[in-house]
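K.L.:
Following this line is final_38.txt, made up of compact mmCIF, C-alpha atoms and all ligand atoms:
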# COMPACT_ATOMS: atom_id res chain seq x y z
CA MET A 1 8.79 -2.35 19.49
CA SER A 2 9.89 -5.92 19.14
CA ASN A 3 7.41 -8.46 20.26
CA PRO A 4 8.33 -12.13 20.49
CA ILE A 5 4.88 -13.22 19.40
CA ASN A 6 5.51 -11.58 16.04
CA ALA A 7 8.59 -13.64 15.29
CA PRO A 8 8.15 -16.06 12.39
CA LYS A 9 7.03 -18.81 14.64
CA PHE A 10 5.30 -21.29 12.49
CA VAL A 11 7.24 -22.37 9.50
CA THR A 12 5.06 -25.44 9.10
CA PRO A 13 5.94 -28.11 6.56
CA GLN A 14 3.26 -26.59 4.36
CA VAL A 15 4.80 -23.11 4.57
CA GLU A 16 8.18 -24.68 3.79
CA ALA A 17 6.73 -26.39 0.74
CA MET A 18 5.29 -23.09 -0.39
CA GLN A 19 8.61 -21.30 0.10
CA LYS A 20 10.16 -23.92 -2.15
CA ALA A 21 7.46 -23.42 -4.77
CA LEU A 22 8.13 -19.68 -4.75
CA THR A 23 11.83 -20.30 -5.28
CA GLU A 24 11.03 -22.52 -8.26
CA ILE A 25 8.78 -19.86 -9.76
CA ALA A 26 11.54 -17.28 -9.42
CA ALA A 27 13.97 -19.69 -11.07
CA ALA A 28 11.73 -20.29 -14.12
CA PRO A 29 13.65 -19.81 -17.37
CA GLU A 30 13.57 -16.30 -18.78
CA GLY A 31 10.75 -16.05 -21.27
CA ALA A 32 8.68 -18.68 -19.44
CA PRO A 33 7.41 -16.93 -16.28
CA ARG A 34 4.63 -18.52 -14.22
CA GLY A 35 2.15 -17.29 -11.65
CA LEU A 36 1.80 -18.50 -8.07
CA PRO A 37 -0.42 -21.50 -7.27
CA GLY A 38 -3.76 -20.61 -5.69
CA ILE A 39 -2.75 -21.93 -2.28
CA PHE A 40 -0.48 -18.88 -1.82
CA TYR A 41 -3.56 -16.70 -1.98
CA GLY A 42 -5.92 -18.84 0.07
CA ASP A 43 -3.96 -20.47 2.89
CA GLN A 44 -4.29 -18.82 6.30
CA ASP A 45 -1.05 -20.38 7.69
CA TYR A 46 0.87 -18.90 4.82
CA PHE A 47 -0.83 -15.55 5.36
CA GLU A 48 0.22 -15.55 9.01
CA TYR A 49 3.77 -16.33 7.99
CA GLU A 50 3.69 -13.39 5.57
CA ALA A 51 2.23 -11.10 8.25
CA ALA A 52 5.11 -11.94 10.61
CA THR A 53 7.81 -11.53 7.97
CA VAL A 54 7.49 -9.74 4.64
CA LEU A 55 4.51 -7.58 5.59
CA ARG A 56 5.91 -6.63 8.98
CA ASP A 57 9.30 -5.44 7.71
CA ALA A 58 7.87 -3.52 4.76
CA TRP A 59 6.81 0.09 4.33
CA HIS A 60 3.07 0.74 4.11
CA CYS A 61 1.39 3.82 2.72
CA ALA A 62 -0.83 5.32 5.43
CA GLY A 63 -2.23 8.13 3.28
CA ARG A 64 -1.44 11.53 1.78
CA GLU A 65 0.46 14.22 3.60
CA ASP A 66 -2.27 16.79 2.99
CA GLU A 67 -4.81 14.64 4.86
CA ILE A 68 -3.16 16.08 7.97
CA ALA A 69 -2.27 19.57 6.79
CA LYS A 70 -2.47 21.44 10.12
CA VAL A 71 -0.58 20.93 13.37
CA GLY A 72 -2.63 18.56 15.53
CA ASP A 73 -4.38 16.89 12.57
CA TYR A 74 -4.36 13.11 12.84
CA ILE A 75 -5.64 10.01 11.10
CA THR A 76 -5.78 6.55 12.63
CA VAL A 77 -4.81 3.39 10.84
CA ARG A 78 -4.13 -0.25 11.62
CA LEU A 79 -1.06 -1.63 9.88
CA VAL A 80 0.04 -5.25 10.24
CA GLY A 81 -2.00 -5.50 13.43
CA GLU A 82 -0.64 -2.28 14.99
CA PRO A 83 -3.09 0.53 15.84
CA ILE A 84 -1.37 3.77 14.83
CA ILE A 85 -2.02 7.51 15.06
CA ILE A 86 -0.46 9.46 12.19
CA VAL A 87 -0.22 12.98 13.57
CA ARG A 88 1.35 16.24 12.50
CA ASP A 89 3.03 18.10 15.35
CA GLU A 90 5.35 21.12 15.27
CA SER A 91 8.30 19.01 14.23
CA GLY A 92 6.59 17.12 11.40
CA ILE A 93 4.62 13.93 10.82
CA LYS A 94 4.89 11.08 13.32
CA ALA A 95 3.48 7.57 13.54
CA LEU A 96 2.58 7.03 17.20
CA SER A 97 1.26 3.85 18.73
CA ASN A 98 -2.46 4.24 19.38
CA VAL A 99 -2.16 2.22 22.58
CA CYS A 100 -2.24 3.80 26.03
CA ARG A 101 0.84 2.97 28.08
CA HIS A 102 -1.29 2.39 31.17
CA ARG A 103 -3.43 -0.63 30.36
CA GLY A 104 -3.55 -0.65 26.61
CA MET A 105 -6.66 1.30 25.61
CA PRO A 106 -6.72 2.80 22.11
CA LEU A 107 -6.54 6.56 22.47
CA VAL A 108 -8.43 7.87 19.46
CA GLU A 109 -10.30 6.60 16.41
CA GLY A 110 -11.14 8.02 13.01
CA VAL A 111 -9.66 11.37 12.07
CA GLY A 112 -9.50 14.71 13.85
CA ASN A 113 -7.41 17.48 15.30
CA ALA A 114 -6.08 17.36 18.86
CA LYS A 115 -3.78 19.38 21.08
CA ARG A 116 -3.51 16.41 23.44
CA PHE A 117 -4.56 12.77 23.43
CA VAL A 118 -6.49 11.91 26.59
CA CYS A 119 -7.20 8.26 27.28
CA SER A 120 -10.91 7.60 27.75
CA TYR A 121 -10.26 5.00 30.47
CA HIS A 122 -8.26 6.65 33.31
CA ALA A 123 -7.48 9.97 31.62
CA TRP A 124 -3.74 9.68 31.11
CA MET A 125 -2.84 12.59 28.88
CA TYR A 126 -0.24 12.60 26.08
CA ALA A 127 1.27 15.38 23.98
CA THR A 128 1.16 15.06 20.19
CA ASP A 129 4.80 13.93 20.28
CA GLY A 130 3.69 11.00 22.47
CA SER A 131 5.11 12.22 25.82
CA LEU A 132 3.01 11.48 28.88
CA LEU A 133 1.91 14.83 30.33
CA ARG A 134 -0.37 13.77 33.16
CA ALA A 135 -1.49 10.66 34.99
CA ALA A 136 -3.80 11.54 37.89
CA ARG A 137 -3.62 9.78 41.28
CA MET A 138 -0.73 7.54 40.29
CA LYS A 139 1.07 6.24 43.37
CA ASN A 140 3.53 3.60 42.31
CA ASP A 141 7.24 3.54 43.18
CA GLY A 142 8.05 2.11 39.79
CA PHE A 143 6.10 4.71 37.83
CA ASP A 144 8.35 6.87 35.66
CA PRO A 145 6.35 9.16 33.34
CA LYS A 146 9.33 9.42 30.97
CA SER A 147 9.22 5.73 30.29
CA CYS A 148 5.51 5.95 29.48
CA LYS A 149 5.87 7.82 26.21
CA LEU A 150 3.71 6.37 23.47
CA GLY A 151 5.47 3.93 21.17
CA GLU A 152 6.60 5.32 17.86
CA PHE A 153 7.07 3.71 14.47
CA HIS A 154 9.35 4.54 11.55
CA CYS A 155 7.72 7.14 9.32
CA ILE A 156 8.86 8.69 6.03
CA VAL A 157 7.10 11.22 3.81
CA ARG A 158 7.91 10.78 0.13
CA TYR A 159 6.11 12.00 -3.00
CA GLY A 160 3.39 13.43 -0.74
CA PHE A 161 2.66 9.93 0.65
CA ILE A 162 3.14 8.96 4.29
CA TYR A 163 4.93 5.62 4.68
CA VAL A 164 5.14 3.68 7.95
CA CYS A 165 7.05 0.57 8.97
CA VAL A 166 6.13 -1.16 12.23
CA SER A 167 9.23 -3.33 12.41
CA ASP A 168 12.54 -2.80 14.22
CA THR A 169 14.25 -3.97 11.06
CA PRO A 170 12.66 -1.99 8.22
CA LEU A 171 13.72 -2.39 4.64
CA ASP A 172 15.98 0.41 3.42
CA PHE A 173 13.39 2.66 1.80
CA ASP A 174 15.84 4.57 -0.40
CA VAL A 175 17.36 1.38 -1.72
CA GLU A 176 13.92 -0.11 -2.39
CA LEU A 177 12.77 2.96 -4.34
CA ASP A 178 16.04 3.75 -6.11
CA GLY A 179 15.09 4.65 -9.70
CA LEU A 180 11.46 5.54 -9.02
CA ASN A 181 12.17 9.26 -9.11
CA ASP A 182 13.35 9.04 -12.72
CA LEU A 183 9.97 7.60 -13.58
CA ILE A 184 7.59 9.85 -11.63
CA GLY A 185 9.61 12.83 -10.35
CA ARG A 186 8.69 15.09 -13.27
CA TYR A 187 5.00 14.73 -12.43
CA GLU A 188 5.76 16.44 -9.08
CA PRO A 189 3.68 13.91 -7.13
CA GLU A 190 4.17 15.85 -3.89
CA ASN A 191 2.19 18.75 -5.38
CA TYR A 192 -1.04 16.87 -6.07
CA ARG A 193 -3.92 17.94 -3.84
CA LEU A 194 -6.28 15.42 -2.21
CA VAL A 195 -9.87 15.56 -3.48
CA HIS A 196 -11.31 12.22 -2.41
CA SER A 197 -10.66 9.28 -0.11
CA ASP A 198 -12.61 6.12 0.66
CA THR A 199 -12.07 2.84 2.49
CA GLU A 200 -13.61 -0.53 1.65
CA ILE A 201 -13.28 -4.18 2.64
CA TRP A 202 -12.69 -6.57 -0.27
CA ASN A 203 -12.85 -10.37 -0.02
CA THR A 204 -9.61 -11.09 -1.79
CA ASN A 205 -6.01 -11.88 -0.95
CA TRP A 206 -3.73 -8.82 -0.76
CA LYS A 207 -1.39 -10.11 -3.47
CA CYS A 208 -4.27 -10.46 -5.94
CA LEU A 209 -5.03 -6.76 -5.89
CA VAL A 210 -1.34 -5.86 -6.28
CA GLU A 211 -1.08 -8.15 -9.29
CA ASN A 212 -4.41 -7.07 -10.74
CA PHE A 213 -3.69 -3.36 -10.53
CA MET A 214 -0.23 -3.81 -11.94
CA GLU A 215 -1.01 -5.71 -15.13
CA GLY A 216 -2.43 -4.24 -18.31
CA TYR A 217 -3.46 -7.61 -19.72
CA HIS A 218 -6.98 -7.43 -18.27
CA LEU A 219 -7.74 -3.77 -19.08
CA SER A 220 -9.75 -4.21 -22.27
CA VAL A 221 -11.46 -7.38 -21.04
CA VAL A 222 -12.56 -6.32 -17.56
CA HIS A 223 -13.01 -2.60 -18.25
CA PRO A 224 -14.49 -2.37 -21.79
CA GLU A 225 -16.61 0.69 -21.02
CA THR A 226 -14.55 2.42 -18.34
CA LEU A 227 -10.88 2.09 -19.40
CA HIS A 228 -10.55 0.44 -22.81
CA GLY A 229 -11.14 3.71 -24.72
CA TYR A 230 -8.23 5.49 -23.05
CA THR A 231 -5.91 2.73 -21.88
CA PRO A 232 -6.44 -0.34 -24.06
CA THR A 233 -4.47 -3.49 -23.30
CA GLY A 234 -2.72 -3.34 -26.67
CA LEU A 235 -0.91 -0.10 -25.76
CA ALA A 236 0.37 -1.25 -22.35
CA LYS A 237 4.17 -1.07 -22.15
CA LYS A 238 6.38 -2.30 -19.34
CA ALA A 239 8.33 0.55 -17.73
CA ALA A 240 11.07 0.85 -15.11
CA SER A 241 11.45 -1.40 -12.12
CA GLY A 242 13.79 -1.25 -9.15
CA LYS A 243 14.56 -3.34 -6.10
CA GLY A 244 11.23 -2.58 -4.41
CA PHE A 245 8.97 -1.25 -7.17
CA THR A 246 7.70 -1.98 -10.65
CA SER A 247 5.71 -0.08 -13.26
CA TYR A 248 4.09 -0.01 -16.65
CA ASN A 249 2.75 2.70 -18.91
CA ALA A 250 -0.91 2.62 -19.92
CA ASN A 251 -0.62 4.66 -23.12
CA TYR A 252 -3.54 6.56 -24.62
CA PRO A 253 -4.43 6.02 -28.31
CA GLU A 254 -2.88 8.65 -30.59
CA ASP A 255 -6.22 10.11 -31.62
CA THR A 256 -7.36 10.80 -28.04
CA PRO A 257 -6.63 14.14 -26.42
CA SER A 258 -4.24 14.19 -23.47
CA ARG A 259 -5.93 14.50 -20.12
CA GLY A 260 -4.35 17.69 -18.85
CA LYS A 261 -1.06 19.55 -18.85
CA GLY A 262 0.09 18.85 -15.31
CA ALA A 263 3.59 19.77 -14.17
CA PRO A 264 5.68 21.99 -16.48
CA GLY A 265 8.52 19.47 -16.85
CA LEU A 266 6.41 16.70 -18.40
CA SER A 267 7.07 15.49 -21.95
CA ALA A 268 4.29 15.09 -24.52
CA GLU A 269 4.48 11.29 -24.02
CA GLU A 270 4.17 11.64 -20.25
CA ARG A 271 1.06 13.76 -20.76
CA HIS A 272 -0.37 11.10 -23.02
CA ARG A 273 -0.34 8.13 -20.67
CA SER A 274 -0.98 6.94 -17.14
CA THR A 275 1.94 5.33 -15.36
CA LEU A 276 1.00 2.57 -12.96
CA PHE A 277 3.52 1.68 -10.31
CA SER A 278 3.63 -0.39 -7.15
CA VAL A 279 5.70 0.32 -4.08
CA PHE A 280 6.02 -3.25 -2.83
CA PRO A 281 4.31 -4.86 -1.17
CA CYS A 282 1.02 -3.06 -0.57
CA GLN A 283 0.71 0.20 -2.49
CA VAL A 284 -0.44 0.54 -6.10
CA VAL A 285 -0.67 3.90 -7.84
CA SER A 286 -1.76 5.45 -11.12
CA ILE A 287 -0.16 8.78 -11.94
CA ALA A 288 -1.13 10.95 -14.92
CA ALA A 289 -0.58 14.63 -15.71
CA SER A 290 -3.54 15.89 -13.72
CA LEU A 291 -4.63 12.89 -11.63
CA LEU A 292 -3.04 10.69 -8.97
CA VAL A 293 -4.89 7.66 -7.61
CA SER A 294 -3.36 5.47 -4.92
CA LEU A 295 -4.62 2.30 -3.29
CA SER A 296 -3.19 1.29 0.07
CA ILE A 297 -3.84 -2.39 0.57
CA ARG A 298 -4.10 -3.57 4.19
CA PRO A 299 -4.10 -7.33 4.49
CA LEU A 300 -6.55 -8.60 7.12
CA THR A 301 -6.71 -12.36 6.52
CA SER A 302 -5.72 -14.66 3.67
CA ASN A 303 -8.93 -13.70 1.91
CA SER A 304 -9.76 -10.17 3.03
CA ILE A 305 -8.20 -6.75 2.77
CA GLN A 306 -9.02 -3.21 3.68
CA VAL A 307 -8.47 -0.91 0.71
CA LYS A 308 -7.98 2.78 1.27
CA TRP A 309 -7.92 4.71 -1.98
CA THR A 310 -7.19 8.36 -2.49
CA MET A 311 -7.56 10.66 -5.48
CA SER A 312 -5.47 13.81 -5.85
CA VAL A 313 -5.28 16.41 -8.62
CA TYR A 314 -2.51 18.60 -9.98
CA GLY A 315 -3.27 22.35 -10.02
CA ASP A 316 -6.70 23.63 -10.97
CA GLU A 317 -7.07 22.08 -14.39
CA LEU A 318 -9.92 19.79 -13.38
CA ASP A 319 -13.06 21.64 -12.35
CA TYR A 320 -15.60 20.32 -9.86
CA ALA A 321 -17.62 18.45 -12.50
CA ALA A 322 -14.50 16.82 -13.96
CA VAL A 323 -13.33 15.70 -10.51
CA LYS A 324 -16.76 14.26 -9.76
CA HIS A 325 -16.69 12.40 -13.05
CA ARG A 326 -13.20 10.95 -12.32
CA ILE A 327 -14.29 9.80 -8.85
CA LYS A 328 -17.28 8.00 -10.35
CA LEU A 329 -15.09 6.46 -13.05
CA TRP A 330 -12.63 5.11 -10.47
CA GLU A 331 -15.43 3.81 -8.29
CA ASP A 332 -16.74 1.89 -11.31
CA VAL A 333 -13.27 0.61 -12.23
CA ASN A 334 -12.59 -0.52 -8.66
CA GLN A 335 -15.94 -2.27 -8.56
CA GLU A 336 -15.19 -4.11 -11.81
CA ASP A 337 -11.85 -5.31 -10.43
CA ARG A 338 -13.35 -6.17 -7.06
CA GLU A 339 -16.02 -8.42 -8.59
CA LYS A 340 -13.40 -10.32 -10.55
CA LEU A 341 -11.03 -10.73 -7.60
CA GLU A 342 -13.72 -11.81 -5.16
CA TRP A 343 -14.88 -14.45 -7.60
CA MET A 344 -11.34 -15.64 -8.29
CA GLN A 345 -10.74 -15.99 -4.54
CA THR A 346 -13.39 -18.74 -4.42
CA SER A 347 -11.35 -21.12 -6.62
CA PHE A 348 -7.90 -20.91 -5.03
CA GLN A 349 -8.31 -24.07 -2.96
CA SER A 350 -8.64 -26.17 -6.10
CA VAL A 351 -5.80 -28.61 -6.87
CA HIS A 352 -6.00 -27.27 -10.41
CA ALA A 353 -5.22 -23.69 -9.37
CA ASN A 354 -1.55 -24.44 -9.82
CA GLY A 355 -0.14 -21.25 -11.31
CA GLY A 356 -0.42 -20.79 -15.06
CA PRO A 357 1.97 -19.17 -17.54
CA LEU A 358 2.16 -15.36 -17.47
CA ALA A 359 1.87 -13.18 -20.58
CA GLY A 360 4.92 -11.25 -21.83
CA PRO A 361 6.66 -8.30 -20.14
CA ASP A 362 4.34 -5.56 -21.45
CA TYR A 363 1.26 -7.34 -20.12
CA GLU A 364 2.31 -9.21 -16.99
CA GLY A 365 6.01 -8.40 -16.53
CA THR A 366 5.05 -6.39 -13.46
CA VAL A 367 3.49 -9.49 -11.88
CA HIS A 368 6.74 -11.33 -12.50
CA ASP A 369 8.70 -8.48 -10.85
CA PHE A 370 6.44 -8.69 -7.81
CA LEU A 371 6.95 -12.45 -7.49
CA LEU A 372 10.72 -12.00 -7.75
CA TRP A 373 10.59 -9.45 -4.95
CA LEU A 374 8.48 -11.78 -2.80
CA ASN A 375 10.95 -14.57 -3.37
CA GLU A 376 13.88 -12.36 -2.44
CA GLN A 377 12.17 -11.39 0.82
CA ASN A 378 11.24 -14.97 1.45
CA ASN A 379 14.85 -16.10 1.01
CA LYS A 380 15.91 -13.62 3.65
CA TYR A 381 13.64 -15.26 6.22
CA SER A 382 14.39 -18.83 5.16
CA ARG A 383 18.09 -18.12 5.70
CA ALA A 384 17.48 -16.47 9.09
S1 LIG B 401 -5.77 2.53 29.93
FE1 LIG B 401 -5.36 4.59 29.37
S2 LIG B 401 -5.42 5.64 31.22
FE2 LIG B 401 -5.80 3.62 31.80
FE FE B 402 -8.54 -3.37 -13.41
Could you render the structure as structure tokens?
Ligand code: FES
Ligand SMILES: [Fe+2]
P.N.:
Amino acid sequence: MSNPINAPKFVTPQVEAMQKALTEIAAAPEGAPRGLPGIFYGDQDYFEYEAATVLRDAWHCAGREDEIAKVGDYITVRLVGEPIIIVRDESGIKALSNVCRHRGMPLVEGVGNAKRFVCSYHAWMYATDGSLLRAARMKNDGFDPKSCKLGEFHCIVRYGFIYVCVSDTPLDFDVELDGLNDLIGRYEPENYRLVHSDTEIWNTNWKCLVENFMEGYHLSVVHPETLHGYTPTGLAKKAASGKGFTSYNANYPEDTPSRGKGAPGLSAEERHRSTLFSVFPCQVVSIAASLLVSLSIRPLTSNSIQVKWTMSVYGDELDYAAVKHRIKLWEDVNQEDREKLEWMQTSFQSVHANGGPLAGPDYEGTVHDFLLWLNEQNNKYSRA
């Protein structure tokens, strides 16, 4: 899987200067955290450095397990430049390279169900475990079908989400997520059922959406009609963080009804809030008793991302009309955030976009956690 062109090849003086700036931000005195200067969100050299380092070695959420419920079901995805088929075969879920071992044609696109993958170019045929089954008319002394199995990437299913890492040196997933189960395990996230999925392109830097989703400071300002009534900024409370995740609770006002019973093990407080968490670097999630919304952020360039978002429900508490209403609500919320982020992206080249002070832990502590994680990753590569 290793590919020399993906090595961190261009630590330019500018990237070096930015690494130093990140270190300084992480070293800010406690109680005086600062955000990143705009250049981190707008510079294409820095983005390419990130793509070859922190993004490549990280775990990315490809979707929900029940998107491919039956043997042979597959979805296709492109993660950190790698075309991938996520397929369920008899032995479980696999992340296969969507690149024919003959001359490099993608094998499938979109979603579907297949017993075999047949290349549309010269008809090489692969099993759903990636083995090459047939290659017609091949006369070549060096041709060994066994060595022409499709490439495969690391793949883990956790909490009903499918995570993939394209690197030979993935982060230790269990270490990264240590502590997350105490926060969300009682919701039984693996038991939520998919009801909606959509994919969009947003003109923003990937880090902006992580930070935006993970801070409660903007809720009442940006979402006065859609979210303020249930999750006002004033009730946001920082919650647990671990090596590779952070979270906060968006509490509902006391006089509002809870939004469903959900799993039997939930406390009254857990039924009366949404918990927002991020699995660094590119997944942000909102989990509540009856509703689970996840955004998988796929960085494309310094100023564009693909966003795949899914909505899942617990049990049968929400009827068709309620689900439809929640989908519309989330579409509106996403649109409100998108407009803000796309506008903000236009000012990052300014010399005055130099990283302002962050609000306290309950409002922007999650942003601070994310920056600390980025710095830790960054240190790893600067030392290498
Ligand atoms: S490129 Fe796939 S069979 Fe030739
Ligand atoms: Fe928002």
K.L.:
Can you list, as a PyMOL selection string, every protein, DNA or RNA residue that comes within 9 Å of range 226-234 of chain A when you count all atoms listed in the file, leaving out same-chain residues fewer than 5 positions away?
P.N.:
chain A and resi 216-221+250-253+256+273-274+329-330+332-333+363
K.L.:
Please identify all protein, DNA and RNA residues within 7 Å of ligand FE 402 (chain B), counting all atoms listed in the file, and report them as a tab-separated table (two decimals) with C-alpha atoms, in the coordinates of the input.
P.N.:
chain	number	residue	atom	x	y	z
A	212	ASN	CA	-4.41	-7.07	-10.74
A	213	PHE	CA	-3.69	-3.36	-10.53
A	218	HIS	CA	-6.98	-7.43	-18.27
A	219	LEU	CA	-7.74	-3.77	-19.08
A	222	VAL	CA	-12.56	-6.32	-17.56
A	223	HIS	CA	-13.01	-2.60	-18.25
A	333	VAL	CA	-13.27	0.61	-12.23
A	334	ASN	CA	-12.59	-0.52	-8.66
A	336	GLU	CA	-15.19	-4.11	-11.81
A	337	ASP	CA	-11.85	-5.31	-10.43
K.L.:
Can I get the residues of chain A within 8 Å of ligand LIG 401 (chain B), each with the closest pair of atoms and their distance in Å to one decimal, using only C-alpha atoms and all ligand atoms, sorted chain first then ascending number, as a Markdown table?
P.N.:
| residue | atom | partner | partner_atom | distance |
| --- | --- | --- | --- | --- |
| A:Val99 | CA | B:LIG401 | FE1 | 7.9 |
| A:Cys100 | CA | B:LIG401 | FE1 | 4.6 |
| A:Arg101 | CA | B:LIG401 | FE1 | 6.5 |
| A:His102 | CA | B:LIG401 | S1 | 4.7 |
| A:Arg103 | CA | B:LIG401 | S1 | 4.0 |
| A:Gly104 | CA | B:LIG401 | S1 | 5.1 |
| A:Met105 | CA | B:LIG401 | S1 | 4.6 |
| A:Pro106 | CA | B:LIG401 | FE1 | 7.6 |
| A:Leu107 | CA | B:LIG401 | FE1 | 7.3 |
| A:Val118 | CA | B:LIG401 | S2 | 7.9 |
| A:Cys119 | CA | B:LIG401 | FE1 | 4.6 |
| A:Ser120 | CA | B:LIG401 | FE1 | 6.5 |
| A:Tyr121 | CA | B:LIG401 | FE2 | 4.9 |
| A:His122 | CA | B:LIG401 | S2 | 3.7 |
| A:Ala123 | CA | B:LIG401 | S2 | 4.8 |
| A:Trp124 | CA | B:LIG401 | S2 | 4.4 |
| A:Met125 | CA | B:LIG401 | S2 | 7.8 |
| A:Ala135 | CA | B:LIG401 | S2 | 7.4 |
K.L.:
Do you have, as a tab-separated table, the list of residues of range 175-225 of chain A lying at most 9 Å from range 299-303 of chain A, each with its nearest atom pair and that distance in Å to one decimal, counting all atoms listed in the file and ordered by chain then number?
P.N.:
residue	atom	partner	partner_atom	distance
A:Trp202	CA	A:Asn303	CA	8.4
A:Asn203	CA	A:Asn303	CA	5.5
A:Thr204	CA	A:Asn303	CA	4.6
A:Asn205	CA	A:Asn303	CA	4.5
A:Trp206	CA	A:Pro299	CA	5.5
A:Lys207	CA	A:Pro299	CA	8.9
K.L.:
CA of Tyr49 in chain A to CA of Phe153 in chain A: how many Å, to one decimal?
P.N.:
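Interatomic distance, CA of Tyr49 in chain A to CA of Phe153 in chain A: 21.3 Å.
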K.L.:
As an exercise, work out the distance from CA of Ala321 in chain A to CA of Leu276 in chain A in Å and give it to one decimal place.
P.N.:
24.5 Å
K.L.:
Near Val210 in chain A, within 10 Å and counting only C-alpha atoms, which residues show up once chain neighbours fewer than 2 positions away are dropped, as a list in words?
P.N.:
Asn205, Trp206, Lys207, Cys208, Asn212, Phe213, Met214, Glu215, Phe277, Ser278, Val279, Phe280, Pro281, Cys282, Gln283, Val284, Val285, Leu295, Ser296, Ile297, Thr366, Val367 and Phe370 of chain A
K.L.:
Name the residues in contact with Arg271 in chain A at a cut-off of 8 Å, using all atoms listed in the file, excluding same-chain residues fewer than 6 positions from it; report them as a list in words.
P.N.:
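Counting only the stated atoms, we get Ser258, Arg259, Gly260, Lys261, Gly262, Ala288 and Ala289 of chain A.
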K.L.:
Within 12 Å of Leu133 in chain A, counting all atoms listed in the file, which residues show up once you throw out same-chain ones fewer than 6 positions away? Write them as a PyMOL selection string, please.
P.N.:
chain A and resi 115-119+123-127+144-150
K.L.:
Which of these residues is nearest to Arg298 in chain A, using all atoms listed in the file: A:Ala27, A:Leu372, A:Ala51, A:Met18?
P.N.:
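Residue with the minimum atom-to-atom distance to Arg298 in chain A: A:Ala51.
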K.L.:
For each of A:Gly242, A:Gly365, A:Gly112, A:Pro264, take the minimum atom-to-atom distance to Asp178 in chain A, counting only C-alpha atoms, then give the residue where this is smallest.
P.N.:
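Counting only C-alpha atoms, the residue closest to Asp178 in chain A is A:Gly242.
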K.L.:
Which one is closest to Leu180 in chain A: A:Arg64, A:Arg326, A:Lys243, A:Lys20? Count only C-alpha atoms.
P.N.:
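Answer, going by the shortest atom-to-atom distance: A:Lys243.
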K.L.:
Could you build a table of the residues in range 92-174 of chain A lying no more than 9 Å from range 53-58 of chain A, giving for each the nearest pair of atoms and their separation in Å rounded to one decimal place, using only C-alpha atoms, ordered by chain and ascending residue number, as a Markdown table?
P.N.:
| residue | atom | partner | partner_atom | distance |
| --- | --- | --- | --- | --- |
| A:Val164 | CA | A:Ala58 | CA | 8.3 |
| A:Cys165 | CA | A:Ala58 | CA | 5.9 |
| A:Val166 | CA | A:Arg56 | CA | 6.4 |
| A:Ser167 | CA | A:Asp57 | CA | 5.2 |
| A:Asp168 | CA | A:Asp57 | CA | 7.7 |
| A:Thr169 | CA | A:Asp57 | CA | 6.2 |
| A:Pro170 | CA | A:Asp57 | CA | 4.8 |
| A:Leu171 | CA | A:Ala58 | CA | 6.0 |
| A:Phe173 | CA | A:Ala58 | CA | 8.8 |
K.L.:
Using all atoms listed in the file, which residue out of A:Gly92, A:Pro29, A:Pro361, A:Gly151 lies closest to Val71 in chain A?
P.N.:
A:Gly92
K.L.:
Can you tell me, as an NGL selection string, which residues sit within 9 Å of (-2.8, -15.6, -11.3) in the file's frame, using all atoms listed in the file?
P.N.:
:A and (34-38 or 208 or 211-212 or 353 or 355-358 or 367)
